[in-house]
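Report on the following structure.
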Amino acid sequence: MKQKTVKANVQNPSRRSFLTRSLAPMAGVAALAPFVKTFGKAARPELLTDPTNLPPTPFNFTPFTVPLFKPPVIQPTALTPAPGSAQASLGSAAVYHGIAPEFSKSHPAHGADWNDAALKTYKVDILPTTQQILPGVETPCAGYNAIWPGPTFLSNFNEPCVVRVTNHGDTETSLHLHGGHTPAHADGHPNFYVHPGKTRDYYYPNIVPREHPGGPFDMSEAPSTMWYHDHGNDFTAINAASCHAGFHLFTDDLEKQLIASNVLPPTYGDTDVPLAFSDRRLNADGTQFWDPLEHDGYLGDLICVNGNAFPVMKVQRRKYRFRFLGAALARVFHFKMSNNMPFLMIGNDAWLLPQAVGATSFTLTPAKRADVIIDFRNAPKEVFLQNAYTQTNGRGPDKIDLANAKPVMKFIVEGAPVANDIKVAVGTRLRPHVPILPSEIQTTRVFTFERGNGVWQVNKELWDPRRADAQPQLNGAERWILQNKSGGWWHPIHIHLEAHQIQKINGSRPSAFNAAKVDTSILEGNTTVELFMKFRTFTGPIVFHCHNLNHEDMRMMKQFDPRPPGSPSPLTGQSFSVPPEICGIPAEELADPHNHLFL
Amino acid sequence: MHLNLRTFISGMGPLFLAGAVRAAEAPARPAAKGSYPRANDVNPYLKHRNNGLVSDRFPDAVVTGHDDRSYRFYTDLIAGKMVFINFMYVRCRGICAGNTEAMCRIHDALKPRMGKDVFMVSLSVDPAEDTPEALRFYMETREAKGRAGWTFAVGTPADTEVIRRVFGAYDPDRKADEVVTNHSGMLTFGNDRNNRWAALPTVSNLGQVLHSFDNITRAPRSRYI
């Protein structure tokens, strides 16, 4: 269904022999040797970017033969019982975890201008399946609707949707719409689970924050490139490794106008292509190598794009819009083209930039998105996308080596230059940016990320789902200073709810690419990021955390709870006090007689 | 020159029990030479089992328990069990007291199961100093004495290094790792039968730890790894 199966030349040494070999002195290098030579004459042994000393994936394959997989668009489905109905309410057999209270028109956060009539409903099943990460090798995994990446959502501004997620897997899960502006119930809080065998209705109003309370929507906040992924405590990393990720693309009138005027290509047409980058490592039986005792960061030796290692894509001589997504657990990429032709950066994370900017290379950490135009008009017949970052452990990348960048994906460029190509170019105006002004800032908070005795701490505290670590004023604005004092460790910090605006990185103004809106700020080793952020529309609890998923599972996380003045958060740290309708966990389960089995 | 705890305990027992002990300078680990190896490189036990389990990597080193008995670390203390595992040392003036206190509260909560299907292992990271006698002293002063299913243990320095690495209880920054006071405050837990393992800071709130333990140990064996 996804792609043609390519006949593979599969070696099948026992896993044991590989593990044994890795014991040899210089194990990392020695054990790579059989893998390297399998590439043969046309092979690219330099594909093996990183001499970690984990057992290498023990399969022969020819890279750049599997066509890039483009996930299908999910189609709306009628849901029975209807979302919000009594039969689909919290604790019901059909939808055990219920739906966000904001779904109700009578909820105070539900705006009169929310377009309820345009509601679309979808069904997503988390299903066991297999994936050919390498051609001919079936790797067991679980996927959203049994594919990886999961099906792509195409949403329009103010066309709400309900996604009914049923967990057919065997571990708890939670679904986060990354870059979305969603109610707490639907935000994928790590404790707001979908239990195995149960169902939750995720309600996405698909609105944007307002310019001021009661005012018009702030369309500068309309996202473009969101993604959805697992967010459940304890299992986030292994679930991500089991292929829980997909794209959710969003358009509004402004972006439609850019498309209509041929500045940008049609959303998710032939020339708007998602690229989810991750890394995997296989065992000899085709399963994934997974070490649950690895808390620094998972690194694979196969770079996957949309679920296949080292794919190839045929392109025409024209501009393409690529939605780059850092879907790896811990690997940091630094991309360049093999012929050094430039990228045109049009968006950072979920949002289009105010103006397109050029770049010859760029960094993509876990969770980050880069909305990028590549112009193949004058490209050679074959050109590679390369990764210039070397990385040997989960602490962070080692160095950018542009001269020895390793190919991760091949483009075969065909035909003559295409007429009437899209017009976006350096300086093209895209989405106007409305900066948060210093005069709007009500509070400054400092969050210091540290490693102490092998565990992650933020402001010397551990994660506690019972405690609101910040209570910003609902619809207010704050200055947050994120300090990384954990030595050389990298932490991409993702703040849920809405975009934030980077003011300074280590005291300096950010580049044009980073100066507008992001949802994930990269804290490189010993870096301080100062940002402005608003906390609009929805009360919490809402989390922010490191998106190195191994760090996230070790609870490198905090939460905030935006509240109106005079209405403090119930999350005082004493007990788990999130109301059942917000967390989607029925009261009887929360009221465990031992008062500790839930949280 | 630092104090030898072994001599200290045997010679000054009463004083020691009265709590008058002062921690000597933190014992320094021998500096390893060459590149800093990761767990799989330094684990001479790696090839011993091939059951397709994460615990195949757990060394089956012989360790000595607080009860003076010898245990094989994997076979006797972990195989087929649900286990909490942490790292400590008797002279620790930092996180160990809090961690052990947190483990006592976990033990309280799971008391009916302790020693039956749930077990705890606290392994010393100061094998040069921590005798079984010192471990018993520690247990007594830290409310850990007489608790079912909880073994304090000490191995050889070399085995301790391997075990620590395999459990990810080390700092990839070698300089930081060589300072024993930086030792890991992680609590690793899992169910060997279902091949599920996870870790949390030991002093995370109790409900969080118990919920995660429940999650991890109940989950069936993964089909995906």
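Here, A, B, ... name the chains of the structure tokens in the order displayed, residue numbers run from 1 inside each chain, and ligands are numbered from 1 in the same displayed order.
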Which polymer residues have any atom within 9 Å of an atom of Gly507 of chain A, counting only C-alpha atoms, with same-chain residues fewer than 5 positions away left out, as a PDB file with all heavy atoms, in the first residue's frame?
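So the final result, stored in out-v1.pdb, reads:
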ATOM      1  N   THR A 528      20.979  30.491  26.904  1.00  0.00           N
ATOM      2  CA  THR A 528      19.822  31.126  27.525  1.00  0.00           C
ATOM      3  C   THR A 528      18.958  31.750  26.435  1.00  0.00           C
ATOM      4  O   THR A 528      19.465  32.466  25.566  1.00  0.00           O
ATOM      5  CB  THR A 528      20.274  32.227  28.517  1.00  0.00           C
ATOM      6  OG1 THR A 528      21.003  31.597  29.568  1.00  0.00           O
ATOM      7  CG2 THR A 528      19.077  32.951  29.105  1.00  0.00           C
ATOM      8  N   VAL A 529      17.686  31.439  26.459  1.00  0.00           N
ATOM      9  CA  VAL A 529      16.738  32.011  25.512  1.00  0.00           C
ATOM     10  C   VAL A 529      15.731  32.856  26.286  1.00  0.00           C
ATOM     11  O   VAL A 529      15.165  32.403  27.281  1.00  0.00           O
ATOM     12  CB  VAL A 529      16.007  30.899  24.721  1.00  0.00           C
ATOM     13  CG1 VAL A 529      14.844  31.488  23.922  1.00  0.00           C
ATOM     14  CG2 VAL A 529      16.965  30.171  23.791  1.00  0.00           C
ATOM     15  N   GLU A 530      15.575  34.097  25.845  1.00  0.00           N
ATOM     16  CA  GLU A 530      14.558  34.964  26.444  1.00  0.00           C
ATOM     17  C   GLU A 530      13.413  35.081  25.449  1.00  0.00           C
ATOM     18  O   GLU A 530      13.626  35.362  24.270  1.00  0.00           O
ATOM     19  CB  GLU A 530      15.163  36.341  26.730  1.00  0.00           C
ATOM     20  CG  GLU A 530      14.166  37.308  27.339  1.00  0.00           C
ATOM     21  CD  GLU A 530      14.770  38.694  27.572  1.00  0.00           C
ATOM     22  OE1 GLU A 530      15.987  38.793  27.797  1.00  0.00           O
ATOM     23  OE2 GLU A 530      13.993  39.675  27.500  1.00  0.00           O
TER      24      GLU A 530
END
Taking only segment 117-146 of chain B into account, list the residues labelled helix (DSSP H, G or I) by DSSP (computed from the backbone), as a list in words. Pro132, Glu133, Ala134, Leu135, Arg136, Phe137, Tyr138, Met139, Glu140 and Thr141 of chain B
Mind dumping the selected residues with N, CA and C atoms as a short mmCIF file (atom, residue, chain, number, x, y, z; two decimals), in the first residue's frame?
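Below is the file that was written, out.cif:
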data_model
loop_
_atom_site.label_atom_id
_atom_site.label_comp_id
_atom_site.auth_asym_id
_atom_site.auth_seq_id
_atom_site.Cartn_x
_atom_site.Cartn_y
_atom_site.Cartn_z
N PRO B 132 28.99 -5.39 53.96
CA PRO B 132 27.64 -5.76 54.40
C PRO B 132 27.30 -5.16 55.76
N GLU B 133 28.29 -5.08 56.59
CA GLU B 133 28.06 -4.50 57.91
C GLU B 133 27.67 -3.02 57.79
N ALA B 134 28.38 -2.32 56.91
CA ALA B 134 28.06 -0.91 56.70
C ALA B 134 26.66 -0.76 56.11
N LEU B 135 26.31 -1.69 55.21
CA LEU B 135 24.98 -1.64 54.62
C LEU B 135 23.91 -1.85 55.70
N ARG B 136 24.19 -2.76 56.61
CA ARG B 136 23.21 -3.02 57.68
C ARG B 136 23.06 -1.78 58.57
N PHE B 137 24.19 -1.14 58.82
CA PHE B 137 24.13 0.09 59.60
C PHE B 137 23.26 1.13 58.89
N TYR B 138 23.51 1.24 57.60
CA TYR B 138 22.75 2.22 56.81
C TYR B 138 21.26 1.90 56.87
N MET B 139 20.92 0.63 56.69
CA MET B 139 19.51 0.22 56.69
C MET B 139 18.85 0.58 58.01
N GLU B 140 19.61 0.38 59.08
CA GLU B 140 19.04 0.65 60.40
C GLU B 140 18.77 2.13 60.58
N THR B 141 19.75 2.93 60.16
CA THR B 141 19.58 4.37 60.37
C THR B 141 18.62 4.99 59.37
#
My list of candidates is A:Ser220, A:Asn506, A:Asn156, A:Thr251. Which is closest to Tyr204 of chain A when distances are computed with only C-alpha atoms? A:Asn156
Do you know which residues are at most 7 Å from segment 84-93 of chain B counting only C-alpha atoms, after dropping those on the same chain fewer than 6 positions away, and could you put them as a PyMOL selection string? chain B and resi 23+119-126+130+134-135+138+184+186-190
Segment 388-464 of chain A: which residues are strand (DSSP E or B) by DSSP, as a PyMOL selection string? chain A and resi 389-390+393+396+399-400+406-417+429+441-452+455-458+461
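Put simply, atom CA of His97 of chain A is 24.7 Å away from atom CA of Arg536 of chain A.
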Point-to-point distance from atom CA of Glu498 of chain A to atom CA of Phe250 of chain A, Å rounded to tenths: 14.4 Å
Which residues, written as a list in words, have at least one atom at most 10 Å from Ala169 of chain B, with only C-alpha atoms counted and residues fewer than 3 positions away on the same chain left out? Leu293, Glu294, His295, Asn453, Gly454 and Val455 of chain A; Asn86, Phe87, Glu161, Ile163, Arg164, Arg165, Val166, Pro172, Asp177, His183, Ser184, Gly185, Met186, Leu187 and Thr188 of chain B
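Atom CA of Gly197 of chain A sits 25.9 Å away from atom CA of Leu329 of chain A.
For Ile106 of chain B, the set of protein, DNA and RNA residues having any atom at most 10 Å away, when counting only C-alpha atoms and skipping those fewer than 2 positions along the same chain, is Phe84, Thr100, Glu101, Ala102, Met103, Cys104, Asp108, Ala109, Leu110, Lys111, Met114, Met120, Thr202, Leu206, Gly207, Val209 and Leu210 of chain B.
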Written file, previous selection with N, CA, C and O atoms, as a PDB file, in the first residue's frame:
ATOM      1  N   PHE B  84      12.456  -2.743  41.775  1.00  0.00           N
ATOM      2  CA  PHE B  84      12.974  -1.368  41.810  1.00  0.00           C
ATOM      3  C   PHE B  84      14.473  -1.463  42.063  1.00  0.00           C
ATOM      4  O   PHE B  84      14.900  -2.192  42.968  1.00  0.00           O
ATOM      5  N   THR B 100      16.400   6.986  49.849  1.00  0.00           N
ATOM      6  CA  THR B 100      16.039   5.807  50.631  1.00  0.00           C
ATOM      7  C   THR B 100      14.711   6.039  51.346  1.00  0.00           C
ATOM      8  O   THR B 100      13.862   5.146  51.427  1.00  0.00           O
ATOM      9  N   GLU B 101      14.528   7.243  51.829  1.00  0.00           N
ATOM     10  CA  GLU B 101      13.248   7.613  52.446  1.00  0.00           C
ATOM     11  C   GLU B 101      12.108   7.420  51.428  1.00  0.00           C
ATOM     12  O   GLU B 101      11.062   6.832  51.737  1.00  0.00           O
ATOM     13  N   ALA B 102      12.329   7.889  50.193  1.00  0.00           N
ATOM     14  CA  ALA B 102      11.293   7.738  49.159  1.00  0.00           C
ATOM     15  C   ALA B 102      11.023   6.263  48.886  1.00  0.00           C
ATOM     16  O   ALA B 102       9.864   5.845  48.692  1.00  0.00           O
ATOM     17  N   MET B 103      12.088   5.459  48.908  1.00  0.00           N
ATOM     18  CA  MET B 103      11.881   4.024  48.661  1.00  0.00           C
ATOM     19  C   MET B 103      11.142   3.362  49.828  1.00  0.00           C
ATOM     20  O   MET B 103      10.365   2.430  49.624  1.00  0.00           O
ATOM     21  N   CYS B 104      11.361   3.866  51.036  1.00  0.00           N
ATOM     22  CA  CYS B 104      10.593   3.351  52.175  1.00  0.00           C
ATOM     23  C   CYS B 104       9.104   3.626  51.970  1.00  0.00           C
ATOM     24  O   CYS B 104       8.250   2.782  52.280  1.00  0.00           O
ATOM     25  N   ASP B 108       6.195   0.975  51.777  1.00  0.00           N
ATOM     26  CA  ASP B 108       4.974   1.031  52.592  1.00  0.00           C
ATOM     27  C   ASP B 108       3.743   0.798  51.710  1.00  0.00           C
ATOM     28  O   ASP B 108       2.850   0.033  52.050  1.00  0.00           O
ATOM     29  N   ALA B 109       3.723   1.529  50.572  1.00  0.00           N
ATOM     30  CA  ALA B 109       2.530   1.476  49.715  1.00  0.00           C
ATOM     31  C   ALA B 109       2.324   0.092  49.103  1.00  0.00           C
ATOM     32  O   ALA B 109       1.193  -0.331  48.868  1.00  0.00           O
ATOM     33  N   LEU B 110       3.424  -0.586  48.828  1.00  0.00           N
ATOM     34  CA  LEU B 110       3.320  -1.886  48.157  1.00  0.00           C
ATOM     35  C   LEU B 110       3.560  -3.045  49.135  1.00  0.00           C
ATOM     36  O   LEU B 110       3.831  -4.177  48.717  1.00  0.00           O
ATOM     37  N   LYS B 111       3.436  -2.748  50.407  1.00  0.00           N
ATOM     38  CA  LYS B 111       3.842  -3.713  51.431  1.00  0.00           C
ATOM     39  C   LYS B 111       3.286  -5.124  51.225  1.00  0.00           C
ATOM     40  O   LYS B 111       4.027  -6.109  51.337  1.00  0.00           O
ATOM     41  N   MET B 114       5.453  -6.819  48.693  1.00  0.00           N
ATOM     42  CA  MET B 114       6.909  -6.808  48.812  1.00  0.00           C
ATOM     43  C   MET B 114       7.427  -8.174  49.255  1.00  0.00           C
ATOM     44  O   MET B 114       6.917  -8.770  50.203  1.00  0.00           O
ATOM     45  N   MET B 120      13.080  -4.954  45.821  1.00  0.00           N
ATOM     46  CA  MET B 120      13.917  -3.756  45.697  1.00  0.00           C
ATOM     47  C   MET B 120      15.379  -4.165  45.817  1.00  0.00           C
ATOM     48  O   MET B 120      15.711  -5.045  46.626  1.00  0.00           O
ATOM     49  N   THR B 202      14.124   9.188  41.810  1.00  0.00           N
ATOM     50  CA  THR B 202      13.632   8.429  42.961  1.00  0.00           C
ATOM     51  C   THR B 202      12.693   9.257  43.827  1.00  0.00           C
ATOM     52  O   THR B 202      11.716   8.741  44.365  1.00  0.00           O
ATOM     53  N   LEU B 206       5.160  10.292  45.179  1.00  0.00           N
ATOM     54  CA  LEU B 206       4.893   8.871  45.362  1.00  0.00           C
ATOM     55  C   LEU B 206       3.852   8.348  44.374  1.00  0.00           C
ATOM     56  O   LEU B 206       4.014   7.282  43.780  1.00  0.00           O
ATOM     57  N   GLY B 207       2.776   9.116  44.216  1.00  0.00           N
ATOM     58  CA  GLY B 207       1.720   8.669  43.308  1.00  0.00           C
ATOM     59  C   GLY B 207       2.239   8.481  41.892  1.00  0.00           C
ATOM     60  O   GLY B 207       1.882   7.533  41.193  1.00  0.00           O
ATOM     61  N   VAL B 209       5.313   7.756  40.975  1.00  0.00           N
ATOM     62  CA  VAL B 209       6.157   6.560  40.884  1.00  0.00           C
ATOM     63  C   VAL B 209       5.281   5.309  40.859  1.00  0.00           C
ATOM     64  O   VAL B 209       5.480   4.406  40.040  1.00  0.00           O
ATOM     65  N   LEU B 210       4.284   5.276  41.744  1.00  0.00           N
ATOM     66  CA  LEU B 210       3.453   4.071  41.812  1.00  0.00           C
ATOM     67  C   LEU B 210       2.636   3.899  40.541  1.00  0.00           C
ATOM     68  O   LEU B 210       2.454   2.784  40.050  1.00  0.00           O
TER      69      LEU B 210
END
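Distances here use only C-alpha atoms; by that measure, the residue among A:Gly91, A:Pro76, A:Pro140, A:Gly98 closest to chain B is A:Pro140.
Between chain B and the candidates A:Pro101, A:Pro190, A:Pro562, A:Gly111, the tightest atom-to-atom separation, counting only C-alpha atoms, involves A:Pro190.
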At a cut-off of 7 Å, using only C-alpha atoms, what residues contact Met82 of chain B? Leave out same-chain residues fewer than 2 positions from it and give the result as number ranges by chain. B: 117-119, 190-192, 217
Since we have the selection now, will you write its residues out, keeping N, CA and C atoms, as a PDB file, in the first residue's frame?
ATOM      1  N   ASP B 117       5.909 -10.589  44.894  1.00  0.00           N
ATOM      2  CA  ASP B 117       6.189 -10.392  43.462  1.00  0.00           C
ATOM      3  C   ASP B 117       6.952  -9.098  43.196  1.00  0.00           C
ATOM      4  N   VAL B 118       7.070  -8.238  44.202  1.00  0.00           N
ATOM      5  CA  VAL B 118       7.815  -6.985  44.009  1.00  0.00           C
ATOM      6  C   VAL B 118       9.034  -6.974  44.935  1.00  0.00           C
ATOM      7  N   PHE B 119      10.158  -6.533  44.367  1.00  0.00           N
ATOM      8  CA  PHE B 119      11.418  -6.542  45.119  1.00  0.00           C
ATOM      9  C   PHE B 119      12.138  -5.212  44.933  1.00  0.00           C
ATOM     10  N   GLY B 190      10.934  -2.167  36.708  1.00  0.00           N
ATOM     11  CA  GLY B 190      10.399  -2.891  35.570  1.00  0.00           C
ATOM     12  C   GLY B 190       9.930  -4.267  35.956  1.00  0.00           C
ATOM     13  N   ASN B 191       9.530  -4.980  34.936  1.00  0.00           N
ATOM     14  CA  ASN B 191       9.019  -6.327  35.084  1.00  0.00           C
ATOM     15  C   ASN B 191       9.799  -7.200  34.117  1.00  0.00           C
ATOM     16  N   ASP B 192      10.661  -8.005  34.655  1.00  0.00           N
ATOM     17  CA  ASP B 192      11.542  -8.783  33.782  1.00  0.00           C
ATOM     18  C   ASP B 192      10.747  -9.748  32.899  1.00  0.00           C
ATOM     19  N   THR B 217       4.751  -2.252  34.772  1.00  0.00           N
ATOM     20  CA  THR B 217       4.798  -3.674  35.115  1.00  0.00           C
ATOM     21  C   THR B 217       3.571  -4.427  34.623  1.00  0.00           C
TER      22      THR B 217
END
